[in-house]
Amino acid sequence: MTISAPATTSGPLTDAEVRGIRADFPLLSTKVNGHPLVYLDSGATSQKPLAVLDAERSYYEAHNAAVHRGAHALAAEATELFEDARATVARFVGAHDDEIVWTSNATEAINLVAYALSNASLGRGGEAASALRLGPGDEIVVTEAEHHANLIPWQELAARTGAALRFIPLEDDGTLRLAELDEIVTDRAKLVAVTHVSNVLGLINPVEDVIARAHAVGALVLLDACQSAPHLPLDVTALDVDFAVFSGHKMLAPTGIGALYGRRELLAAMPPFLTGGSMITTVSMETAAYMPPPQRFEAGTQRVSQAIALAAAIDYLTAIGMPRIAAHEHEVGRRLVDGLAVIPGVRVLGGDAPLPRVGLASFDVAGIHSHDVGQFLDDRGIAVRVGHHCAQPLHRRFGVTSTTRASAYLYTTADEVDQLLAGVADTIDFFGGAR
C-alpha cells in the first residue's frame with residue numbers, strides 16, 4: 001500500500017498531507033469541461049486510491065478462486081484472504097470476526113435484518129428466534145432524518161407483521177426531538193433504527209441517547225453507519241448497538257460490497273434471509289439445516305475481490321488515522337456551512353444545529369432549482385449531487401422538494417470548498433436569483 005501523505009500523529013490533516021493523499025487517487029487529476037475536477041459528491045460514492053485498485057487487481061491476477069468450496073491450494077488462498085478481510089472490517093468497527101456478515105451494500109444489510117425478523121415472526125427459527133418476533137401491538141421506531149433504505153424496509157416489515165411504525169421528529173434546526181424520546185420509544189418498541197450521520201444534514205446525531213432509551217425498554221437498535229464509518233472512528237461495541245450497517249463504496253472501496261454487524265447471540269438466533277449454497281450443513285428433499293453465522297447469511301458465490309479491496313481501503317484509512325480524518329472533515333464541513341450561510345438566498349438545511357458534523361452540506365437556493373445549480377457547477381468541473389438524496393420525508397419537513405449537496409472527504413481541499421462557494425454565488429448572478 002502506498003500513502004503519499006507525510007506522517008504526523010494528531011490534529012487535522014495539513015494542506016501538504018491532503019495534497020499527498022490526492023496523489024493516490026488517479027481520478028482526481030482528471031478534467032471535466034476543461035476544468036480540473038472538484039469532486040464534492042463523496043457522500044454518494046467515494047473515489048478509490050491506488051492501494052484499493054491494486055488490491056482487487058492483485059486478487060484476480062494471483063489468487064482468484066471460489067472461497068469455502070475447493071480443496072485445492074488456490075481456493076485455500078482465496079478463502080484465507082476473504083476471511084482476513086472480514087477480520088480487518090471487524091477490527092475497524094470494534095467487533096468480533098463472526099459478527100460481520102458480507103452484503104452487497106447497506107441497503108441489503110438492512111433488508112437482511114428486516115426479512116430475518118419477518119421470518120422469525122412467521123415462526124421460523126424456533127424458540128431461539130421467539131424474542132425477535134413482531135406482531136400487532138409492537139412498534140418499530142425510526143427518525144424523520146432517515147435515508148429511504150432505513151425507512152422503507154421497516155414500513156414493509158410493519159405491513160407484514162401488523163406492527164406499527166413510529167418516528168422521532170426533527171426540530172427546526174435538524175436535530176432530533178429528544179424531548180419526546182420517552183413518549184415515542186415505549187415498552188411497545190421492538191426495534192429502533194437510527195442514522196448515525198444524516199446524509200442530508202451532515203449532523204452527527206447523539207445516538208447514545210437513543211440507544212440508551214431503546215435498551216431501557218428492551219428494544220433492539222440498528223445503526224445506519226453509512227455516513228459515519230467512512231468519516232469517524234466507529235466502535236459498535238462501545239456504542240452498544242445490536243446491528244450496524246455500512247457500504248464499502250462510500251469509504252474508498254468498490255461498489256458491490258457492504259457489511260452487517262450483528263451481536264453474536266442475535267445472529268445465532270436469526271433465521272436466514274437468502275438461502276441456497278454455502279449456507280447449509282445438511283440438506284434433504286424436505287428440509288435443510290443451516291450454518292452458524294456469519295455463513296448462514298452468505299448464500300451463493302461471494303463478493304471476494306470486493307471484500308479484499310474493502311480491507312485495503314480500511315488499511316488506507318487506518319494508516320492515516322480516523323480521528324485525523326474526522327478533524328479534517330469537521331473543518332471542511334464548517335467552512336462549507338459558514339461560506340454558504342453568508343450568500344444571500346442560500347439556506348443550509350441543519351446549518352444552525354449545535355452538533356458536530358462531517359464534511360457535508362445540503363442547501364437550497366431561493367428561486368433556482370437544484371438541478372440548475374448542479375448543472376451550472378458541473379460546467380465548472382464541480383461535481384455535487386442534486387435531488388432529494390433518498391430522503392423525501394426529511395426534505396418535506398424543511399419545506400423543499402430537493403437540495404444541492406456538497407460532500408467532502410479526506411482528499412478535499414479548502415480551495416475546492418472556496419471554488420464551490422464562488423460557483424454558487426455566480427449561479428445566483430447567472431439565473432437572477434434572490435441575491
# chains A, B, ... in the order shown; residues from 1 in each chain; ligands from 1
call {"tool": "residues_around", "arguments": {"residues": "stretch 264-280 of chain A", "least_positions_apart": "2", "cutoff": "8 Å", "atoms": "only C-alpha atoms", "output": "MDAnalysis selection string"}}
result
chainID A and resid 68:69 98:99 112:113 115:117 119:120 124:125 128:129 132 242 262 282:283 288:300
call {"tool": "write_last_selection", "arguments": {"atoms": "C-alpha atoms", "output": "mmCIF file, in the first residue's frame"}}
result
data_model
loop_
_atom_site.group_PDB
_atom_site.id
_atom_site.type_symbol
_atom_site.label_atom_id
_atom_site.label_comp_id
_atom_site.auth_asym_id
_atom_site.auth_seq_id
_atom_site.Cartn_x
_atom_site.Cartn_y
_atom_site.Cartn_z
ATOM 1 C CA HIS A 68 -15.138 -22.044 1.152
ATOM 2 C CA ARG A 69 -15.667 -24.590 -1.630
ATOM 3 C CA ASP A 98 -18.060 -13.801 13.382
ATOM 4 C CA GLU A 99 -20.225 -10.696 13.901
ATOM 5 C CA LEU A 112 -31.443 -8.808 5.686
ATOM 6 C CA VAL A 113 -32.335 -7.825 9.243
ATOM 7 C CA TYR A 115 -36.599 -10.116 6.499
ATOM 8 C CA ALA A 116 -34.937 -12.180 9.207
ATOM 9 C CA LEU A 117 -37.259 -10.559 11.760
ATOM 10 C CA ASN A 119 -39.242 -14.842 9.056
ATOM 11 C CA ALA A 120 -38.917 -15.106 12.831
ATOM 12 C CA ARG A 124 -39.073 -19.666 11.574
ATOM 13 C CA GLY A 125 -36.001 -20.125 13.746
ATOM 14 C CA ALA A 128 -34.269 -19.241 19.743
ATOM 15 C CA ALA A 129 -35.904 -16.662 17.478
ATOM 16 C CA LEU A 132 -37.289 -11.457 17.556
ATOM 17 C CA ASP A 242 -27.272 -4.525 18.235
ATOM 18 C CA GLY A 262 -24.793 -8.077 14.436
ATOM 19 C CA THR A 282 -27.172 -30.854 5.538
ATOM 20 C CA VAL A 283 -29.996 -30.925 3.001
ATOM 21 C CA ALA A 288 -32.275 -28.179 5.453
ATOM 22 C CA ALA A 289 -30.047 -27.284 8.390
ATOM 23 C CA TYR A 290 -28.145 -24.022 8.304
ATOM 24 C CA MET A 291 -24.590 -22.975 9.035
ATOM 25 C CA PRO A 292 -23.832 -20.802 12.072
ATOM 26 C CA PRO A 293 -23.351 -17.077 11.456
ATOM 27 C CA PRO A 294 -21.954 -15.359 9.543
ATOM 28 C CA GLN A 295 -22.036 -18.008 6.774
ATOM 29 C CA ARG A 296 -25.741 -18.589 7.441
ATOM 30 C CA PHE A 297 -26.405 -15.212 5.819
ATOM 31 C CA GLU A 298 -23.962 -15.545 2.908
ATOM 32 C CA ALA A 299 -25.714 -17.730 0.372
ATOM 33 C CA GLY A 300 -24.189 -18.230 -3.044
#
call {"tool": "residues_around", "arguments": {"residues": "A:Asp379", "least_positions_apart": "4", "cutoff": "8 Å", "atoms": "only C-alpha atoms", "output": "list of chain:residue names"}}
result
A:Val32, A:Asn33, A:Gln375
call {"tool": "select_by_dssp", "arguments": {"residues": "stretch 163-321 of chain A", "states": "alpha helix (DSSP H)", "output": "ChimeraX atom specification"}}
result
/A:181-184,207-216,236-239,264-269,304-320
call {"tool": "write_last_selection", "arguments": {"atoms": "N, CA and C atoms", "output": "CSV table (one decimal), in the first residue's frame"}}
result
chain,number,residue,atom,x,y,z
A,181,LEU,N,-38.5,11.7,23.3
A,181,LEU,CA,-38.0,10.3,23.1
A,181,LEU,C,-38.7,9.3,23.9
A,182,ASP,N,-39.0,9.6,25.2
A,182,ASP,CA,-39.6,8.7,26.1
A,182,ASP,C,-41.1,8.4,25.7
A,183,GLU,N,-41.7,9.4,25.1
A,183,GLU,CA,-43.1,9.2,24.6
A,183,GLU,C,-43.2,8.3,23.3
A,184,ILE,N,-42.1,8.4,22.5
A,184,ILE,CA,-42.1,7.7,21.3
A,184,ILE,C,-41.5,6.3,21.4
A,207,VAL,N,-26.6,9.6,19.1
A,207,VAL,CA,-27.3,8.3,19.1
A,207,VAL,C,-27.2,7.6,20.4
A,208,GLU,N,-26.2,8.0,21.3
A,208,GLU,CA,-26.1,7.3,22.6
A,208,GLU,C,-27.4,7.5,23.4
A,209,ASP,N,-28.1,8.6,23.3
A,209,ASP,CA,-29.3,8.8,24.0
A,209,ASP,C,-30.4,7.9,23.5
A,210,VAL,N,-30.5,7.8,22.1
A,210,VAL,CA,-31.5,6.9,21.5
A,210,VAL,C,-31.2,5.4,21.9
A,211,ILE,N,-30.0,5.0,21.9
A,211,ILE,CA,-29.6,3.6,22.2
A,211,ILE,C,-30.0,3.3,23.6
A,212,ALA,N,-29.6,4.2,24.5
A,212,ALA,CA,-29.9,4.0,26.0
A,212,ALA,C,-31.4,3.9,26.2
A,213,ARG,N,-32.2,4.7,25.6
A,213,ARG,CA,-33.6,4.6,25.8
A,213,ARG,C,-34.2,3.3,25.2
A,214,ALA,N,-33.7,3.0,24.0
A,214,ALA,CA,-34.2,1.7,23.3
A,214,ALA,C,-33.9,0.5,24.2
A,215,HIS,N,-32.7,0.4,24.7
A,215,HIS,CA,-32.4,-0.7,25.6
A,215,HIS,C,-33.1,-0.7,26.9
A,216,ALA,N,-33.4,0.5,27.4
A,216,ALA,CA,-34.1,0.6,28.7
A,216,ALA,C,-35.5,0.0,28.6
A,236,VAL,N,-18.7,-0.2,17.4
A,236,VAL,CA,-20.1,-0.6,17.6
A,236,VAL,C,-20.3,-1.3,19.0
A,237,THR,N,-19.2,-1.8,19.6
A,237,THR,CA,-19.3,-2.4,20.9
A,237,THR,C,-19.5,-1.3,21.9
A,238,ALA,N,-18.6,-0.3,21.8
A,238,ALA,CA,-18.7,0.8,22.8
A,238,ALA,C,-20.1,1.6,22.6
A,239,LEU,N,-20.6,1.7,21.4
A,239,LEU,CA,-21.9,2.3,21.3
A,239,LEU,C,-23.0,1.4,21.8
A,264,ARG,N,-23.4,-11.4,18.3
A,264,ARG,CA,-23.3,-12.9,18.1
A,264,ARG,C,-24.6,-13.6,18.4
A,265,GLU,N,-25.1,-13.3,19.6
A,265,GLU,CA,-26.3,-14.1,20.0
A,265,GLU,C,-27.5,-13.8,19.2
A,266,LEU,N,-27.6,-12.6,18.6
A,266,LEU,CA,-28.7,-12.2,17.8
A,266,LEU,C,-28.6,-12.9,16.4
A,267,LEU,N,-27.4,-12.8,15.8
A,267,LEU,CA,-27.2,-13.5,14.5
A,267,LEU,C,-27.5,-15.0,14.7
A,268,ALA,N,-27.1,-15.6,15.8
A,268,ALA,CA,-27.3,-17.0,16.0
A,268,ALA,C,-28.7,-17.4,16.1
A,269,ALA,N,-29.6,-16.4,16.6
A,269,ALA,CA,-31.0,-16.7,16.7
A,269,ALA,C,-31.8,-16.4,15.5
A,304,VAL,N,-15.8,-11.7,-3.3
A,304,VAL,CA,-14.5,-11.9,-2.8
A,304,VAL,C,-13.5,-10.8,-3.1
A,305,SER,N,-13.4,-10.4,-4.3
A,305,SER,CA,-12.4,-9.3,-4.6
A,305,SER,C,-12.8,-8.0,-4.0
A,306,GLN,N,-14.1,-7.8,-3.9
A,306,GLN,CA,-14.6,-6.5,-3.3
A,306,GLN,C,-14.3,-6.5,-1.8
A,307,ALA,N,-14.5,-7.6,-1.2
A,307,ALA,CA,-14.2,-7.7,0.3
A,307,ALA,C,-12.7,-7.4,0.5
A,308,ILE,N,-11.9,-8.0,-0.3
A,308,ILE,CA,-10.4,-7.8,-0.2
A,308,ILE,C,-10.1,-6.3,-0.4
A,309,ALA,N,-10.7,-5.7,-1.4
A,309,ALA,CA,-10.5,-4.3,-1.7
A,309,ALA,C,-11.0,-3.4,-0.5
A,310,LEU,N,-12.1,-3.8,0.1
A,310,LEU,CA,-12.6,-3.1,1.3
A,310,LEU,C,-11.6,-3.1,2.4
A,311,ALA,N,-11.0,-4.3,2.6
A,311,ALA,CA,-10.0,-4.4,3.6
A,311,ALA,C,-8.8,-3.5,3.3
A,312,ALA,N,-8.4,-3.4,2.0
A,312,ALA,CA,-7.4,-2.5,1.6
A,312,ALA,C,-7.7,-1.0,1.9
A,313,ALA,N,-9.0,-0.7,1.6
A,313,ALA,CA,-9.5,0.7,1.9
A,313,ALA,C,-9.4,1.0,3.4
A,314,ILE,N,-9.8,0.0,4.2
A,314,ILE,CA,-9.7,0.2,5.7
A,314,ILE,C,-8.3,0.4,6.1
A,315,ASP,N,-7.4,-0.4,5.6
A,315,ASP,CA,-6.0,-0.2,5.9
A,315,ASP,C,-5.5,1.2,5.5
A,316,TYR,N,-5.9,1.7,4.4
A,316,TYR,CA,-5.5,3.0,4.0
A,316,TYR,C,-6.0,4.1,5.0
A,317,LEU,N,-7.3,4.0,5.3
A,317,LEU,CA,-7.9,4.9,6.2
A,317,LEU,C,-7.2,4.8,7.6
A,318,THR,N,-7.0,3.6,8.1
A,318,THR,CA,-6.4,3.4,9.4
A,318,THR,C,-5.0,4.0,9.4
A,319,ALA,N,-4.2,3.8,8.3
A,319,ALA,CA,-2.8,4.4,8.3
A,319,ALA,C,-2.8,5.9,8.4
A,320,ILE,N,-3.8,6.5,7.9
A,320,ILE,CA,-3.9,8.0,8.0
A,320,ILE,C,-4.4,8.4,9.4
call {"tool": "residues_around", "arguments": {"residues": "A:Asp41", "least_positions_apart": "6", "cutoff": "7 Å", "atoms": "only C-alpha atoms", "output": "list in words"}}
result
Ala383, Val384, Arg385, Ala406, Ser407 and Ala408 of chain A
call {"tool": "write_last_selection", "arguments": {"atoms": "C-alpha atoms", "output": "PDB file, in the first residue's frame"}}
result
ATOM      1  CA  ALA A 383     -19.381  17.647  -9.034  1.00  0.00           C
ATOM      2  CA  VAL A 384     -22.223  17.799  -6.495  1.00  0.00           C
ATOM      3  CA  ARG A 385     -25.428  15.853  -6.023  1.00  0.00           C
ATOM      4  CA  ALA A 406     -21.752  19.092  -1.427  1.00  0.00           C
ATOM      5  CA  SER A 407     -19.966  16.281   0.358  1.00  0.00           C
ATOM      6  CA  ALA A 408     -16.251  16.117   1.064  1.00  0.00           C
TER       7      ALA A 408
END
call {"tool": "residues_around", "arguments": {"residues": "A:Val18", "least_positions_apart": "3", "cutoff": "12 Å", "atoms": "only C-alpha atoms", "output": "ChimeraX atom specification"}}
result
/A:3-7,12-15,21-25,320,324-325,328-329,332,409-416
call {"tool": "select_by_dssp", "arguments": {"residues": "stretch 114-273 of chain A", "states": "strand (DSSP E)", "output": "ChimeraX atom specification"}}
result
/A:139-143,164-168,189-195,220-224,243-247,258-262
call {"tool": "residues_around", "arguments": {"residues": "A:Asp426", "least_positions_apart": "3", "cutoff": "12 Å", "atoms": "only C-alpha atoms", "output": "ChimeraX atom specification"}}
result
/A:343-344,365,373,376-377,379-380,419-423,429-433,435
call {"tool": "closest_residue", "arguments": {"among": "A:Ala109, A:Ile168, A:Leu40, A:Leu134", "to": "A:Leu191", "atoms": "only C-alpha atoms"}}
result
A:Leu134
call {"tool": "atom_distance", "arguments": {"atom1": "atom CA of A:Asp352", "atom2": "atom CA of A:Glu180"}}
result
20.8 Å
call {"tool": "atom_distance", "arguments": {"atom1": "atom CA of A:Leu234", "atom2": "atom CA of A:Met322"}}
result
8.8 Å
call {"tool": "residues_around", "arguments": {"residues": "stretch 388-401 of chain A", "least_positions_apart": "5", "cutoff": "12 Å", "atoms": "only C-alpha atoms", "output": "tab-separated table (two decimals) with N, CA and C atoms, in the first residue's frame"}}
result
chain	number	residue	atom	x	y	z
A	41	ASP	N	-18.90	14.96	-4.25
A	41	ASP	CA	-20.01	14.02	-4.21
A	41	ASP	C	-19.61	12.71	-3.52
A	43	GLY	N	-20.34	11.78	-0.58
A	43	GLY	CA	-21.44	11.21	0.18
A	43	GLY	C	-22.22	10.19	-0.62
A	44	ALA	N	-22.20	10.32	-1.95
A	44	ALA	CA	-22.85	9.34	-2.81
A	44	ALA	C	-21.93	8.16	-3.08
A	107	THR	N	-28.03	-1.19	2.07
A	107	THR	CA	-29.45	-1.43	1.81
A	107	THR	C	-29.78	-2.91	1.95
A	142	VAL	N	-38.24	4.77	13.89
A	142	VAL	CA	-37.18	5.34	13.07
A	142	VAL	C	-37.11	6.84	13.39
A	143	THR	N	-36.36	7.59	12.60
A	143	THR	CA	-36.35	9.04	12.76
A	143	THR	C	-36.78	9.69	11.46
A	144	GLU	N	-37.11	10.96	11.55
A	144	GLU	CA	-37.55	11.71	10.37
A	144	GLU	C	-36.39	12.01	9.43
A	145	ALA	N	-35.18	11.71	9.87
A	145	ALA	CA	-33.99	12.02	9.07
A	145	ALA	C	-33.49	10.84	8.26
A	146	GLU	N	-34.20	9.72	8.25
A	146	GLU	CA	-33.65	8.51	7.66
A	146	GLU	C	-33.61	8.54	6.14
A	147	HIS	N	-32.55	7.95	5.60
A	147	HIS	CA	-32.46	7.58	4.19
A	147	HIS	C	-33.56	6.56	3.92
A	148	HIS	N	-34.09	6.54	2.71
A	148	HIS	CA	-35.16	5.60	2.39
A	148	HIS	C	-34.77	4.16	2.69
A	149	ALA	N	-33.48	3.84	2.59
A	149	ALA	CA	-33.04	2.47	2.86
A	149	ALA	C	-33.22	2.07	4.31
A	150	ASN	N	-33.31	3.06	5.20
A	150	ASN	CA	-33.55	2.77	6.61
A	150	ASN	C	-34.95	3.18	7.03
A	151	LEU	N	-35.83	3.25	6.07
A	151	LEU	CA	-37.24	3.55	6.32
A	151	LEU	C	-38.16	2.54	5.65
A	152	ILE	N	-38.00	2.38	4.33
A	152	ILE	CA	-38.93	1.53	3.59
A	152	ILE	C	-38.88	0.07	4.05
A	167	PHE	N	-42.03	7.46	14.46
A	167	PHE	CA	-40.78	8.13	14.16
A	167	PHE	C	-40.51	9.26	15.15
A	168	ILE	N	-39.22	9.50	15.36
A	168	ILE	CA	-38.75	10.62	16.17
A	168	ILE	C	-38.65	11.82	15.24
A	169	PRO	N	-39.41	12.89	15.48
A	169	PRO	CA	-39.39	14.03	14.57
A	169	PRO	C	-38.14	14.89	14.75
A	170	LEU	N	-37.99	15.85	13.85
A	170	LEU	CA	-36.85	16.77	13.87
A	170	LEU	C	-37.28	18.14	14.36
A	171	GLU	N	-36.37	18.79	15.06
A	171	GLU	CA	-36.53	20.20	15.38
A	171	GLU	C	-36.29	21.02	14.11
A	172	ASP	N	-36.58	22.32	14.18
A	172	ASP	CA	-36.39	23.18	13.02
A	172	ASP	C	-34.93	23.28	12.60
A	173	ASP	N	-34.00	23.04	13.54
A	173	ASP	CA	-32.58	23.12	13.19
A	173	ASP	C	-32.02	21.78	12.71
A	174	GLY	N	-32.87	20.76	12.60
A	174	GLY	CA	-32.43	19.46	12.09
A	174	GLY	C	-32.02	18.47	13.15
A	175	THR	N	-32.00	18.86	14.40
A	175	THR	CA	-31.66	17.93	15.47
A	175	THR	C	-32.86	17.06	15.82
A	176	LEU	N	-32.60	15.90	16.37
A	176	LEU	CA	-33.68	15.00	16.79
A	176	LEU	C	-34.43	15.61	17.97
A	195	THR	N	-30.10	6.76	12.07
A	195	THR	CA	-28.91	7.12	11.33
A	195	THR	C	-27.90	7.77	12.26
A	198	SER	N	-26.66	12.04	9.33
A	198	SER	CA	-27.63	12.26	8.26
A	198	SER	C	-26.93	12.50	6.93
A	199	ASN	N	-27.41	11.83	5.89
A	199	ASN	CA	-26.82	12.01	4.56
A	199	ASN	C	-27.28	13.30	3.90
A	200	VAL	N	-28.17	14.05	4.55
A	200	VAL	CA	-28.62	15.34	4.05
A	200	VAL	C	-28.10	16.48	4.91
A	201	LEU	N	-28.15	16.30	6.22
A	201	LEU	CA	-27.79	17.37	7.14
A	201	LEU	C	-26.31	17.36	7.52
A	347	ARG	N	-29.98	28.73	1.79
A	347	ARG	CA	-30.40	28.15	3.07
A	347	ARG	C	-29.76	26.78	3.21
A	348	VAL	N	-28.99	26.61	4.25
A	348	VAL	CA	-28.35	25.32	4.52
A	348	VAL	C	-29.22	24.53	5.49
A	349	LEU	N	-29.69	23.37	5.10
A	349	LEU	CA	-30.51	22.55	5.98
A	349	LEU	C	-29.66	22.05	7.15
A	350	GLY	N	-30.10	22.36	8.36
A	350	GLY	CA	-29.35	21.96	9.54
A	350	GLY	C	-28.12	22.80	9.79
A	361	ALA	N	-22.89	19.31	3.33
A	361	ALA	CA	-23.90	20.34	3.49
A	361	ALA	C	-24.88	20.28	2.32
A	362	SER	N	-26.17	20.31	2.64
A	362	SER	CA	-27.22	20.36	1.62
A	362	SER	C	-27.89	21.72	1.72
A	363	PHE	N	-28.09	22.34	0.56
A	363	PHE	CA	-28.59	23.71	0.59
A	363	PHE	C	-29.61	23.96	-0.51
A	364	ASP	N	-30.46	24.94	-0.23
A	364	ASP	CA	-31.48	25.37	-1.18
A	364	ASP	C	-31.17	26.80	-1.58
A	365	VAL	N	-31.25	27.08	-2.88
A	365	VAL	CA	-31.02	28.43	-3.40
A	365	VAL	C	-32.37	28.99	-3.82
A	366	ALA	N	-32.80	30.04	-3.16
A	366	ALA	CA	-34.12	30.61	-3.42
A	366	ALA	C	-34.30	30.96	-4.90
A	367	GLY	N	-35.38	30.43	-5.48
A	367	GLY	CA	-35.73	30.78	-6.85
A	367	GLY	C	-34.99	30.01	-7.92
A	368	ILE	N	-34.10	29.10	-7.53
A	368	ILE	CA	-33.33	28.34	-8.53
A	368	ILE	C	-33.44	26.85	-8.19
A	369	HIS	N	-33.84	26.04	-9.14
A	369	HIS	CA	-33.97	24.61	-8.91
A	369	HIS	C	-32.59	23.99	-8.69
A	370	SER	N	-32.54	22.99	-7.84
A	370	SER	CA	-31.25	22.37	-7.52
A	370	SER	C	-30.58	21.79	-8.75
A	371	HIS	N	-31.36	21.29	-9.70
A	371	HIS	CA	-30.76	20.73	-10.92
A	371	HIS	C	-30.05	21.81	-11.73
A	406	ALA	N	-23.20	19.19	-1.27
A	406	ALA	CA	-21.75	19.09	-1.43
A	406	ALA	C	-21.22	18.23	-0.30
A	407	SER	N	-20.48	17.19	-0.66
A	407	SER	CA	-19.97	16.28	0.36
A	407	SER	C	-18.49	16.00	0.11
call {"tool": "closest_residue", "arguments": {"among": "A:His330, A:Ala75, A:Leu360, A:Gly374", "to": "A:Gly11", "atoms": "only C-alpha atoms"}}
result
A:His330
call {"tool": "closest_residue", "arguments": {"among": "A:Ala244, A:Val424, A:Ala16, A:Val89", "to": "A:Ile110", "atoms": "only C-alpha atoms"}}
result
A:Ala244
call {"tool": "atom_distance", "arguments": {"atom1": "atom CA of A:Ala193", "atom2": "atom CA of A:Leu336"}}
result
28.6 Å
